[in-house]
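S.K.: Dumping the structure here so I can ask a few things about it.
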Amino acid sequence: MAIREIISFSKDCLTGEISTEKKVKKDNGIKGKVLVELFDANNEKKIRETYTENIIPDVIFKDIFARFFAGDVMGIGNTNHDNTKDLFSHIYLTDSTKPELKTAERVLGNVIGYAHRDNTYSGDATDRGTINTAETKMEVENNRIRVNFVFDFPTHAANGEFESIFWGEAPTRKNAFYSGPSIFGRNYTGDGHILVYNDDDNKHIYWSLRYLIDESASKHTIYTDYHKGFTLFDATHFSVDSNLIKFPEDLKGHQVMIPFDYNIDGFVNWNQATTLLNEDGEAIESLTKAIPVLKEDGDVDYYVGFYRWSGLLIIYKWSSVGVLQSKVSIDDYAIEFQDEYGADFNYRDITIDPVFWGGKIEIMGYNSRTDPNTDETIYSSRLIRLNLDGTKHSELDLKPRTGNAHWFISNGMDGGNIERRCHVSSLSGRSKNRLYIYYNGVNGGNSFYQVITADGNLLEAYRDQWDFNASNFKLFNKIGTDKWISQYKNHSTHGTNRYYFGIYYGATSMPCGAHTKLVNPVQKTDANTMKVQYMFEIDLVDYLNDLY
């Protein structure tokens, strides 16, 4: 693919001073050209203009191709091209200083202003502009198709400093999970999700979807690949007596690690199911979670798990055939993890998933004490890492950081009072290198999500949601990686009982449609109006011979 150079500039129209920057772009036949014009509101005289071109991340091209070919051609899953199209529904002006990268995949920075691509707006919101439908034009000229979107921001809107312009999803959805192209799920008609009824032909698959895959009898499910994984199954559950399958008698009454694989008819290889035994070689009474640890060749090396109740934590390790190798107990972790002030530890969450990739068991919570000077409660949020023998390996301070997120200031929270306004509530997500933490607002503080690295470095100070904004989808980490899987499962009882099921690529945030970084930041105040022109330009091609 050819490479082209473009010159970006920022011009002070009052002094004539010009700043320039050279950018190198792939000549892929699609261009996004941006012109920002700042005017004096009193005399409408232009005082600054800035021009540059954008980058459309590679994920957009991959998404369009895979969504069309896997979904429309191969008939996998339910193709929804709106998922991609909606990434170009809003324009965002943000203070992000990150460079344009082909791998930049989301709207970043504090949003200074935004506008909808099609819907006009005339309200008094301080961050919202409007599409100028009269000046937005389409033309075909010089062997190119062009649409020049024009957005207006009045004196009260988008005041502040911005340096990046993104295309993205709606404000209420731009931080939601993203369901990408289809990976698995093709029904007998060759179009759409897997569709199974509780009849003779499909009842074994129906049983797996009803009880095994992240359902009532499944205590913990992990994906080791996009199509397979393991689930801890409670075989004391009534589902083992279902007439949908003949459940193996030797597994009944046990806590069972069951591998699943969507390439297998019925999804389960019962010969590889493993019962996890107690010290007497009998069925262990109860478990909260358990996972396998695999060898390099993919075979099970050993299993680890735990049982938690009130202040009790019991950690187990089993051989690859389910024989108990070790069992240790922490009788009261409230006392075990008291702080230096003698305050009890308040448990909030626990994960054993890091053991899969060589990490430790992680238990999350906080200690609290009263400040004698202000009578306020101070919350010390902590992540304690445990070895399999129950001893403490290390600890991570989970005091939230405000970064440069404007949200904290607008909610009366800052680095000085943050530990008095919130504490950890749950570990919403865990991938190999990232922790997604939910903090609960207290004492006048508000709740929020924060993302940090496994070492505690701040990645995202504030995000407002951790969900799909859509029913029947659930996000799973591809364990041992920072990749995610979107699982769709819908149980319908309208007419005949049936399940719809599919697997998609997943992400913890919506990608951006495009990103443009300006040469210099643009500073707008209530003395200015502003016009943003964003032109998309597509080369006309010899349709039968050329490719984009």
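Identifiers in the structure tokens: chain A, B, ... in order shown; residue index from 1 per chain; ligand index from 1 in order shown.
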At a cut-off of 6 Å, can you tabulate as a Markdown table every residue of range 432-529 of chain A near range 159-173 of chain A together with its closest atom pair and the distance in Å to one decimal, using only C-alpha atoms and ordering rows by chain then number?
M.R.:
| residue | atom | partner | partner_atom | distance |
| --- | --- | --- | --- | --- |
| A:Cys512 | CA | A:Gly168 | CA | 4.7 |
| A:Gly513 | CA | A:Trp167 | CA | 5.0 |
| A:Ala514 | CA | A:Trp167 | CA | 5.2 |
| A:His515 | CA | A:Phe166 | CA | 4.5 |
| A:Thr516 | CA | A:Ile165 | CA | 5.0 |
| A:Lys517 | CA | A:Ser164 | CA | 4.5 |
| A:Leu518 | CA | A:Glu163 | CA | 5.4 |
| A:Pro521 | CA | A:Glu163 | CA | 4.4 |
| A:Val522 | CA | A:Phe162 | CA | 5.5 |
| A:Gln523 | CA | A:Glu161 | CA | 4.4 |
| A:Lys524 | CA | A:Asn159 | CA | 4.9 |
| A:Thr525 | CA | A:Asn159 | CA | 4.9 |
S.K.: Counting only C-alpha atoms, what is within 12 Å of Ser286 in chain A, bar same-chain residues fewer than 3 positions away, as a list in words?
M.R.: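 Here the qualifying residues turn out to be Lys219, Leu232, Phe233, Asp234, Ala235, Thr236, His237, Gly253, His254, Gln255, Val256, Leu276, Leu277, Asn278, Glu282, Ala283, Lys289, Ala290, Gly305, Phe306, Tyr307, Arg308, Trp309, Ile314 and Tyr316 of chain A.
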S.K.: Mind checking DSSP for range 232-458 of chain A and telling me the strand (DSSP E or B) residues as a compact mmCIF listing (two decimals) with N, CA, C and O atoms, in the first residue's frame?
M.R.:
# COMPACT_ATOMS: atom_id res chain seq x y z
N LEU A 232 -16.64 -25.10 36.38
CA LEU A 232 -16.81 -25.85 37.62
C LEU A 232 -18.30 -26.13 37.77
O LEU A 232 -19.10 -25.21 37.94
N PHE A 233 -18.66 -27.39 37.72
CA PHE A 233 -20.06 -27.79 37.69
C PHE A 233 -20.44 -28.47 39.00
O PHE A 233 -19.74 -29.35 39.49
N ASP A 234 -21.57 -28.05 39.55
CA ASP A 234 -22.09 -28.63 40.79
C ASP A 234 -23.01 -29.79 40.44
O ASP A 234 -24.17 -29.60 40.10
N GLN A 255 -18.29 -32.12 42.90
CA GLN A 255 -17.90 -30.88 42.25
C GLN A 255 -16.97 -31.28 41.11
O GLN A 255 -15.94 -31.91 41.33
N VAL A 256 -17.35 -30.92 39.87
CA VAL A 256 -16.70 -31.49 38.70
C VAL A 256 -16.15 -30.37 37.81
O VAL A 256 -16.85 -29.39 37.51
N MET A 257 -14.89 -30.53 37.38
CA MET A 257 -14.34 -29.66 36.36
C MET A 257 -14.66 -30.28 35.00
O MET A 257 -14.21 -31.39 34.69
N ILE A 258 -15.46 -29.57 34.22
CA ILE A 258 -15.90 -30.09 32.93
C ILE A 258 -15.33 -29.21 31.82
O ILE A 258 -15.60 -28.01 31.77
N PRO A 259 -14.54 -29.80 30.92
CA PRO A 259 -14.08 -29.03 29.76
C PRO A 259 -15.20 -28.96 28.72
O PRO A 259 -15.92 -29.93 28.51
N PHE A 260 -15.34 -27.80 28.09
CA PHE A 260 -16.31 -27.68 27.01
C PHE A 260 -15.60 -27.23 25.74
O PHE A 260 -14.57 -26.54 25.80
N ASP A 261 -16.15 -27.62 24.61
CA ASP A 261 -15.57 -27.30 23.31
C ASP A 261 -16.71 -27.23 22.32
O ASP A 261 -17.43 -28.21 22.11
N VAL A 268 -19.56 -31.05 25.17
CA VAL A 268 -18.89 -31.64 26.34
C VAL A 268 -18.23 -32.96 25.97
O VAL A 268 -18.85 -33.82 25.34
N THR A 274 -13.43 -34.14 35.40
CA THR A 274 -12.64 -34.54 36.57
C THR A 274 -13.38 -34.18 37.85
O THR A 274 -13.76 -33.02 38.05
N THR A 275 -13.58 -35.18 38.71
CA THR A 275 -14.17 -34.91 40.03
C THR A 275 -13.09 -34.43 40.98
O THR A 275 -11.98 -34.99 41.03
N LEU A 277 -11.81 -34.12 44.65
CA LEU A 277 -12.08 -34.92 45.84
C LEU A 277 -11.56 -34.25 47.11
O LEU A 277 -10.70 -33.35 47.07
N ALA A 283 -16.35 -37.17 47.62
CA ALA A 283 -16.85 -35.92 47.05
C ALA A 283 -16.65 -34.77 48.02
O ALA A 283 -17.00 -34.88 49.20
N LYS A 289 -15.22 -21.56 43.69
CA LYS A 289 -14.67 -21.47 42.34
C LYS A 289 -13.49 -22.43 42.23
O LYS A 289 -12.83 -22.75 43.22
N ALA A 290 -13.20 -22.86 41.00
CA ALA A 290 -12.01 -23.67 40.72
C ALA A 290 -11.66 -23.50 39.25
O ALA A 290 -12.53 -23.24 38.42
N ILE A 291 -10.36 -23.62 38.97
CA ILE A 291 -9.87 -23.52 37.60
C ILE A 291 -8.76 -24.54 37.39
O ILE A 291 -8.14 -25.00 38.34
N PRO A 292 -8.47 -24.88 36.13
CA PRO A 292 -7.29 -25.70 35.85
C PRO A 292 -6.07 -24.81 35.62
O PRO A 292 -6.19 -23.64 35.26
N VAL A 293 -4.90 -25.37 35.81
CA VAL A 293 -3.65 -24.77 35.37
C VAL A 293 -3.07 -25.73 34.34
O VAL A 293 -2.93 -26.93 34.61
N LEU A 294 -2.78 -25.22 33.15
CA LEU A 294 -2.43 -26.08 32.03
C LEU A 294 -0.93 -26.14 31.80
O LEU A 294 -0.19 -25.20 32.09
N VAL A 300 -4.00 -30.62 31.35
CA VAL A 300 -4.12 -30.10 32.71
C VAL A 300 -2.91 -30.53 33.53
O VAL A 300 -2.54 -31.71 33.57
N ASP A 301 -2.29 -29.56 34.20
CA ASP A 301 -1.19 -29.83 35.12
C ASP A 301 -1.76 -30.09 36.52
O ASP A 301 -1.45 -31.11 37.14
N TYR A 302 -2.61 -29.17 36.99
CA TYR A 302 -3.29 -29.34 38.27
C TYR A 302 -4.47 -28.39 38.32
O TYR A 302 -4.67 -27.55 37.43
N TYR A 303 -5.29 -28.54 39.37
CA TYR A 303 -6.45 -27.68 39.59
C TYR A 303 -6.27 -26.92 40.90
O TYR A 303 -5.66 -27.43 41.85
N VAL A 304 -6.79 -25.70 40.94
CA VAL A 304 -6.83 -24.94 42.19
C VAL A 304 -8.25 -24.41 42.37
O VAL A 304 -8.99 -24.20 41.40
N GLY A 305 -8.63 -24.23 43.62
CA GLY A 305 -9.97 -23.72 43.90
C GLY A 305 -10.06 -23.23 45.33
O GLY A 305 -9.11 -23.33 46.12
N PHE A 306 -11.23 -22.70 45.66
CA PHE A 306 -11.42 -22.23 47.04
C PHE A 306 -12.90 -22.33 47.42
O PHE A 306 -13.79 -22.40 46.57
N TYR A 307 -13.09 -22.33 48.72
CA TYR A 307 -14.42 -22.21 49.31
C TYR A 307 -14.38 -21.02 50.25
O TYR A 307 -13.47 -20.88 51.07
N ARG A 308 -15.37 -20.11 50.10
CA ARG A 308 -15.42 -18.93 50.95
C ARG A 308 -16.80 -18.82 51.58
O ARG A 308 -17.81 -18.99 50.91
N TRP A 309 -16.81 -18.57 52.86
CA TRP A 309 -18.06 -18.34 53.58
C TRP A 309 -17.78 -17.45 54.78
O TRP A 309 -16.91 -17.76 55.58
N LEU A 312 -14.33 -17.16 56.44
CA LEU A 312 -13.52 -18.36 56.19
C LEU A 312 -13.11 -18.45 54.73
O LEU A 312 -13.94 -18.25 53.83
N LEU A 313 -11.84 -18.77 54.50
CA LEU A 313 -11.34 -19.02 53.15
C LEU A 313 -10.51 -20.30 53.19
O LEU A 313 -9.54 -20.41 53.93
N ILE A 314 -10.92 -21.31 52.40
CA ILE A 314 -10.19 -22.57 52.29
C ILE A 314 -9.65 -22.66 50.87
O ILE A 314 -10.42 -22.56 49.90
N ILE A 315 -8.35 -22.86 50.72
CA ILE A 315 -7.70 -22.94 49.41
C ILE A 315 -7.30 -24.39 49.15
O ILE A 315 -6.68 -25.04 50.01
N TYR A 316 -7.65 -24.90 47.99
CA TYR A 316 -7.38 -26.29 47.62
C TYR A 316 -6.48 -26.36 46.38
O TYR A 316 -6.51 -25.48 45.52
N LYS A 317 -5.72 -27.44 46.31
CA LYS A 317 -4.98 -27.78 45.10
C LYS A 317 -5.14 -29.27 44.86
O LYS A 317 -5.01 -30.08 45.79
N TRP A 318 -5.46 -29.65 43.61
CA TRP A 318 -5.65 -31.04 43.24
C TRP A 318 -4.72 -31.42 42.10
O TRP A 318 -4.29 -30.56 41.32
N SER A 319 -4.45 -32.69 41.98
CA SER A 319 -3.69 -33.20 40.84
C SER A 319 -4.56 -33.14 39.59
O SER A 319 -5.75 -32.80 39.64
N LEU A 324 -6.72 -34.62 45.94
CA LEU A 324 -6.35 -33.47 46.76
C LEU A 324 -4.88 -33.53 47.14
O LEU A 324 -4.40 -34.54 47.67
N GLN A 325 -4.15 -32.43 46.85
CA GLN A 325 -2.73 -32.36 47.19
C GLN A 325 -2.46 -31.43 48.35
O GLN A 325 -1.50 -31.63 49.10
N SER A 326 -3.27 -30.41 48.51
CA SER A 326 -3.07 -29.51 49.65
C SER A 326 -4.38 -28.81 49.98
O SER A 326 -5.24 -28.60 49.12
N LYS A 327 -4.51 -28.43 51.24
CA LYS A 327 -5.69 -27.72 51.73
C LYS A 327 -5.25 -26.84 52.89
O LYS A 327 -4.67 -27.33 53.86
N VAL A 328 -5.47 -25.54 52.76
CA VAL A 328 -5.11 -24.62 53.83
C VAL A 328 -6.30 -23.70 54.10
O VAL A 328 -7.12 -23.43 53.21
N SER A 329 -6.38 -23.23 55.34
CA SER A 329 -7.52 -22.40 55.73
C SER A 329 -7.05 -21.08 56.33
O SER A 329 -6.05 -21.04 57.05
N ILE A 330 -7.77 -20.03 56.00
CA ILE A 330 -7.68 -18.77 56.73
C ILE A 330 -9.01 -18.64 57.45
O ILE A 330 -10.06 -18.48 56.81
N ASN A 346 -12.34 -5.58 55.50
CA ASN A 346 -13.68 -5.77 54.95
C ASN A 346 -13.56 -6.38 53.56
O ASN A 346 -13.16 -5.71 52.61
N TYR A 347 -13.91 -7.65 53.45
CA TYR A 347 -13.80 -8.37 52.18
C TYR A 347 -14.79 -7.83 51.16
O TYR A 347 -15.93 -7.50 51.48
N ARG A 348 -14.34 -7.74 49.89
CA ARG A 348 -15.23 -7.32 48.82
C ARG A 348 -15.21 -8.26 47.62
O ARG A 348 -16.21 -8.43 46.95
N ASP A 349 -14.07 -8.87 47.28
CA ASP A 349 -14.05 -9.75 46.11
C ASP A 349 -12.80 -10.61 46.14
O ASP A 349 -11.85 -10.32 46.87
N ILE A 350 -12.81 -11.66 45.30
CA ILE A 350 -11.67 -12.56 45.22
C ILE A 350 -11.64 -13.17 43.83
O ILE A 350 -12.68 -13.39 43.20
N THR A 351 -10.43 -13.41 43.31
CA THR A 351 -10.27 -14.12 42.04
C THR A 351 -9.09 -15.07 42.13
O THR A 351 -8.06 -14.75 42.74
N ILE A 361 -3.50 -15.85 43.97
CA ILE A 361 -4.89 -15.58 44.36
C ILE A 361 -4.96 -14.13 44.82
O ILE A 361 -4.08 -13.64 45.53
N GLU A 362 -6.00 -13.43 44.40
CA GLU A 362 -6.13 -12.01 44.74
C GLU A 362 -7.43 -11.77 45.50
O GLU A 362 -8.51 -12.11 45.02
N ILE A 363 -7.29 -11.21 46.69
CA ILE A 363 -8.44 -10.90 47.53
C ILE A 363 -8.49 -9.38 47.74
O ILE A 363 -7.49 -8.75 48.06
N MET A 364 -9.66 -8.82 47.51
CA MET A 364 -9.82 -7.36 47.52
C MET A 364 -10.73 -6.93 48.66
O MET A 364 -11.72 -7.60 48.96
N GLY A 365 -10.40 -5.79 49.27
CA GLY A 365 -11.25 -5.25 50.32
C GLY A 365 -10.67 -3.95 50.84
O GLY A 365 -9.82 -3.32 50.20
N TYR A 366 -11.11 -3.56 52.01
CA TYR A 366 -10.62 -2.31 52.59
C TYR A 366 -10.65 -2.37 54.11
O TYR A 366 -11.36 -3.16 54.72
N ASN A 367 -9.82 -1.53 54.74
CA ASN A 367 -9.87 -1.27 56.17
C ASN A 367 -10.31 0.17 56.35
O ASN A 367 -10.08 1.02 55.49
N SER A 368 -10.96 0.46 57.44
CA SER A 368 -11.43 1.83 57.66
C SER A 368 -11.11 2.28 59.09
O SER A 368 -11.03 1.46 60.01
N ARG A 369 -10.91 3.58 59.22
CA ARG A 369 -10.66 4.17 60.53
C ARG A 369 -11.23 5.59 60.53
O ARG A 369 -11.52 6.15 59.47
N THR A 370 -11.40 6.17 61.70
CA THR A 370 -11.96 7.51 61.83
C THR A 370 -10.86 8.53 62.05
O THR A 370 -9.98 8.35 62.89
N THR A 377 -14.60 9.11 58.05
CA THR A 377 -14.07 7.77 57.90
C THR A 377 -13.09 7.74 56.73
O THR A 377 -13.40 8.23 55.64
N ILE A 378 -11.93 7.16 56.95
CA ILE A 378 -10.90 7.00 55.92
C ILE A 378 -10.88 5.53 55.52
O ILE A 378 -10.79 4.64 56.37
N TYR A 379 -10.98 5.27 54.23
CA TYR A 379 -11.02 3.90 53.70
C TYR A 379 -9.72 3.59 52.98
O TYR A 379 -9.34 4.29 52.04
N SER A 380 -9.04 2.54 53.41
CA SER A 380 -7.81 2.10 52.76
C SER A 380 -8.11 0.86 51.93
O SER A 380 -8.30 -0.24 52.47
N SER A 381 -8.17 1.03 50.62
CA SER A 381 -8.52 -0.07 49.71
C SER A 381 -7.27 -0.87 49.37
O SER A 381 -6.21 -0.30 49.09
N ARG A 382 -7.41 -2.20 49.36
CA ARG A 382 -6.24 -3.07 49.22
C ARG A 382 -6.53 -4.26 48.32
O ARG A 382 -7.66 -4.74 48.24
N LEU A 383 -5.46 -4.74 47.66
CA LEU A 383 -5.50 -6.02 46.95
C LEU A 383 -4.39 -6.87 47.53
O LEU A 383 -3.21 -6.53 47.43
N ILE A 384 -4.76 -7.96 48.17
CA ILE A 384 -3.80 -8.83 48.83
C ILE A 384 -3.61 -10.07 47.97
O ILE A 384 -4.58 -10.74 47.58
N ARG A 385 -2.36 -10.39 47.67
CA ARG A 385 -2.04 -11.55 46.83
C ARG A 385 -1.55 -12.68 47.72
O ARG A 385 -0.62 -12.50 48.54
N LEU A 386 -2.17 -13.84 47.53
CA LEU A 386 -1.90 -14.99 48.38
C LEU A 386 -1.25 -16.12 47.58
O LEU A 386 -1.63 -16.39 46.43
N LYS A 392 0.71 -14.70 52.69
CA LYS A 392 0.63 -13.46 51.92
C LYS A 392 1.89 -13.30 51.07
O LYS A 392 3.01 -13.33 51.58
N HIS A 393 1.70 -13.12 49.78
CA HIS A 393 2.81 -12.94 48.86
C HIS A 393 3.18 -11.46 48.72
O HIS A 393 4.34 -11.07 48.82
N SER A 394 2.18 -10.63 48.51
CA SER A 394 2.41 -9.20 48.31
C SER A 394 1.09 -8.46 48.44
O SER A 394 0.03 -9.08 48.62
N GLU A 395 1.17 -7.14 48.32
CA GLU A 395 -0.02 -6.33 48.45
C GLU A 395 0.04 -5.14 47.50
O GLU A 395 1.12 -4.60 47.24
N LEU A 396 -1.11 -4.75 46.98
CA LEU A 396 -1.21 -3.62 46.07
C LEU A 396 -2.16 -2.59 46.68
O LEU A 396 -3.28 -2.91 47.06
N ASP A 397 -1.65 -1.37 46.81
CA ASP A 397 -2.48 -0.27 47.33
C ASP A 397 -3.47 0.15 46.25
O ASP A 397 -3.08 0.52 45.15
N CYS A 422 -14.80 7.19 48.83
CA CYS A 422 -15.09 5.93 48.14
C CYS A 422 -14.20 4.82 48.69
O CYS A 422 -13.19 5.07 49.35
N HIS A 423 -14.58 3.60 48.39
CA HIS A 423 -13.74 2.44 48.68
C HIS A 423 -14.03 1.36 47.64
O HIS A 423 -15.05 1.40 46.94
N VAL A 424 -13.13 0.38 47.52
CA VAL A 424 -13.34 -0.69 46.54
C VAL A 424 -14.63 -1.43 46.86
O VAL A 424 -14.98 -1.65 48.03
N SER A 425 -15.32 -1.82 45.79
CA SER A 425 -16.55 -2.57 45.96
C SER A 425 -16.48 -3.93 45.28
O SER A 425 -16.96 -4.92 45.82
N SER A 426 -15.87 -4.00 44.09
CA SER A 426 -15.76 -5.28 43.41
C SER A 426 -14.67 -5.22 42.36
O SER A 426 -14.28 -4.14 41.89
N LEU A 427 -14.16 -6.39 42.00
CA LEU A 427 -13.25 -6.53 40.88
C LEU A 427 -14.11 -6.91 39.69
O LEU A 427 -14.44 -8.07 39.48
N SER A 428 -14.47 -5.91 38.91
CA SER A 428 -15.43 -6.12 37.82
C SER A 428 -14.85 -6.98 36.72
O SER A 428 -15.57 -7.74 36.06
N GLY A 429 -13.56 -6.85 36.47
CA GLY A 429 -12.92 -7.63 35.42
C GLY A 429 -11.45 -7.81 35.71
O GLY A 429 -10.81 -6.96 36.34
N ARG A 430 -10.90 -8.93 35.25
CA ARG A 430 -9.46 -9.20 35.43
C ARG A 430 -8.94 -9.87 34.18
O ARG A 430 -9.41 -10.94 33.79
N ARG A 434 -4.48 -6.33 33.38
CA ARG A 434 -5.35 -5.23 33.77
C ARG A 434 -6.35 -5.65 34.85
O ARG A 434 -6.84 -6.78 34.84
N LEU A 435 -6.62 -4.71 35.76
CA LEU A 435 -7.68 -4.87 36.75
C LEU A 435 -8.71 -3.78 36.51
O LEU A 435 -8.37 -2.60 36.40
N TYR A 436 -9.98 -4.19 36.45
CA TYR A 436 -11.10 -3.27 36.26
C TYR A 436 -11.86 -3.23 37.59
O TYR A 436 -12.53 -4.20 37.97
N ILE A 437 -11.74 -2.12 38.29
CA ILE A 437 -12.19 -2.02 39.68
C ILE A 437 -13.39 -1.10 39.77
O ILE A 437 -13.42 -0.03 39.16
N TYR A 438 -14.38 -1.52 40.56
CA TYR A 438 -15.53 -0.67 40.85
C TYR A 438 -15.38 -0.11 42.26
O TYR A 438 -15.20 -0.86 43.22
N TYR A 439 -15.45 1.22 42.36
CA TYR A 439 -15.38 1.91 43.65
C TYR A 439 -16.77 2.42 44.01
O TYR A 439 -17.46 3.02 43.19
N ASN A 440 -17.15 2.18 45.25
CA ASN A 440 -18.45 2.60 45.75
C ASN A 440 -18.32 3.96 46.44
O ASN A 440 -17.50 4.14 47.34
N GLY A 441 -19.13 4.92 46.00
CA GLY A 441 -19.10 6.24 46.60
C GLY A 441 -19.75 6.26 47.97
O GLY A 441 -20.81 5.68 48.18
N PHE A 448 -17.73 4.83 40.66
CA PHE A 448 -17.08 4.87 39.35
C PHE A 448 -16.25 3.60 39.16
O PHE A 448 -16.02 2.84 40.11
N TYR A 449 -15.81 3.40 37.92
CA TYR A 449 -14.89 2.32 37.58
C TYR A 449 -13.52 2.92 37.29
O TYR A 449 -13.41 4.03 36.78
N GLN A 450 -12.49 2.15 37.61
CA GLN A 450 -11.12 2.57 37.30
C GLN A 450 -10.34 1.36 36.79
O GLN A 450 -10.56 0.23 37.22
N VAL A 451 -9.41 1.63 35.87
CA VAL A 451 -8.61 0.56 35.26
C VAL A 451 -7.14 0.80 35.59
O VAL A 451 -6.62 1.91 35.37
N ILE A 452 -6.48 -0.23 36.11
CA ILE A 452 -5.05 -0.14 36.43
C ILE A 452 -4.35 -1.37 35.88
O ILE A 452 -4.97 -2.37 35.52
N THR A 453 -3.03 -1.30 35.82
CA THR A 453 -2.25 -2.46 35.44
C THR A 453 -2.12 -3.39 36.64
O THR A 453 -2.44 -3.04 37.78
N LEU A 458 -1.84 3.51 36.69
CA LEU A 458 -3.15 3.97 36.24
C LEU A 458 -3.25 3.92 34.72
O LEU A 458 -2.40 4.44 34.01
S.K.: Nearest to Asp539 in chain A among A:Glu49, A:Glu141, A:Asp40, A:Glu279, with distances taken over only C-alpha atoms: which residue is it?
M.R.: A:Glu141
S.K.: Which residue is closest to Leu209 in chain A? Choose from A:Asn271, A:Thr508, A:Asn490, A:Asn143 and count only C-alpha atoms.
M.R.: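 Of all the options, A:Asn490 lies closest to Leu209 in chain A.
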S.K.: May I ask which of the residues A:Val111, A:Ile6, A:Ala157, A:Val147 is the closest one to Asp124 in chain A, counting only C-alpha atoms?
M.R.: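 When distances to Asp124 in chain A are compared using only C-alpha atoms, the smallest one comes from A:Ala157.
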S.K.: Could you tell me which of A:His193, A:Lys474, A:Lys46, A:Arg146 comes closest to Lys31 in chain A if we count only C-alpha atoms?
M.R.: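 Looking at the shortest contact to Lys31 in chain A, the residue is A:Arg146.
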S.K.: List every residue of range 316-361 of chain A that DSSP, applied to the backbone of this structure, assigns to alpha helix (DSSP H), and report them as a VMD selection string.
M.R.: chain A and resid 333 to 336
S.K.: Quick one: residues within 6 Å of Ile503 in chain A, only C-alpha atoms counted, chain neighbours fewer than 5 positions away excluded, as a list in words?
M.R.: Ile183, Phe184, Ser486 and Gln487 of chain A
S.K.: May I have the selected residues written with C-alpha atoms, as a compact mmCIF listing (two decimals), in the first residue's frame?
M.R.:
# COMPACT_ATOMS: atom_id res chain seq x y z
CA ILE A 183 -16.76 -16.35 15.63
CA PHE A 184 -19.12 -19.24 16.36
CA SER A 486 -18.61 -11.71 23.72
CA GLN A 487 -21.06 -14.54 24.42
S.K.: Measure the distance from CA of Ala66 in chain A to CA of Lys102 in chain A in Å and round it to one decimal.
M.R.: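 Going from CA of Ala66 in chain A over to CA of Lys102 in chain A covers 17.6 Å.
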S.K.: Could you state the separation of CA of Asn142 in chain A and CA of Glu53 in chain A in Å, given to one decimal place?
M.R.: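 We find that CA of Asn142 in chain A and CA of Glu53 in chain A lie 18.8 Å from each other.
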S.K.: Using only C-alpha atoms, determine which residues lie at most 7 Å from range 238-241 of chain A, disregarding the query and same-chain residues fewer than 4 positions distant; provide the list as a compact mmCIF listing (two decimals) with C-alpha atoms, in the first residue's frame.
M.R.:
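Output contents, as saved in out_39.txt:
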# COMPACT_ATOMS: atom_id res chain seq x y z
CA TYR A 211 -27.23 -25.79 32.75
CA PHE A 247 -25.60 -37.63 33.02
CA LYS A 252 -23.18 -37.24 40.33
S.K.: Can you work out which one of A:Arg128, A:Lys22, A:Lys432, A:Arg117 has the shortest atom-to-atom distance to Asp482 in chain A, counting only C-alpha atoms?
M.R.: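 For Asp482 in chain A, the nearest of the given residues is A:Lys432.
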S.K.: As an exercise, work out the distance from CA of Asp118 in chain A to CA of Lys531 in chain A in Å and give it to one decimal place.
M.R.: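 Separating CA of Asp118 in chain A from CA of Lys531 in chain A is a distance of 15.8 Å.
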S.K.: Quick one: everything within 12 Å of Asp201 in chain A, counting only C-alpha atoms, minus sequence neighbours fewer than 2 positions away in the same chain. Send it as a PyMOL selection string.
M.R.: chain A and resi 188+195-199+203-207+244-245+265-266
S.K.: Using only C-alpha atoms, pick whichever of A:Ile64, A:Met530, A:Leu212, A:Leu101 has the shortest atom-to-atom distance to Leu35 in chain A.
M.R.: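 Of all the options, A:Met530 lies closest to Leu35 in chain A.
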S.K.: Please report as a Markdown table every residue of range 459-500 of chain A lying within 12 Å of range 402-413 of chain A, along with the nearest atom pair and their distance in Å (one decimal), using only C-alpha atoms.
M.R.:
| residue | atom | partner | partner_atom | distance |
| --- | --- | --- | --- | --- |
| A:Leu459 | CA | A:Gly403 | CA | 9.2 |
| A:Glu460 | CA | A:Gly403 | CA | 8.0 |
| A:Ala461 | CA | A:Thr402 | CA | 5.6 |
| A:Tyr462 | CA | A:Ala405 | CA | 6.5 |
| A:Arg463 | CA | A:Trp407 | CA | 9.3 |
| A:Asp464 | CA | A:Trp407 | CA | 9.8 |
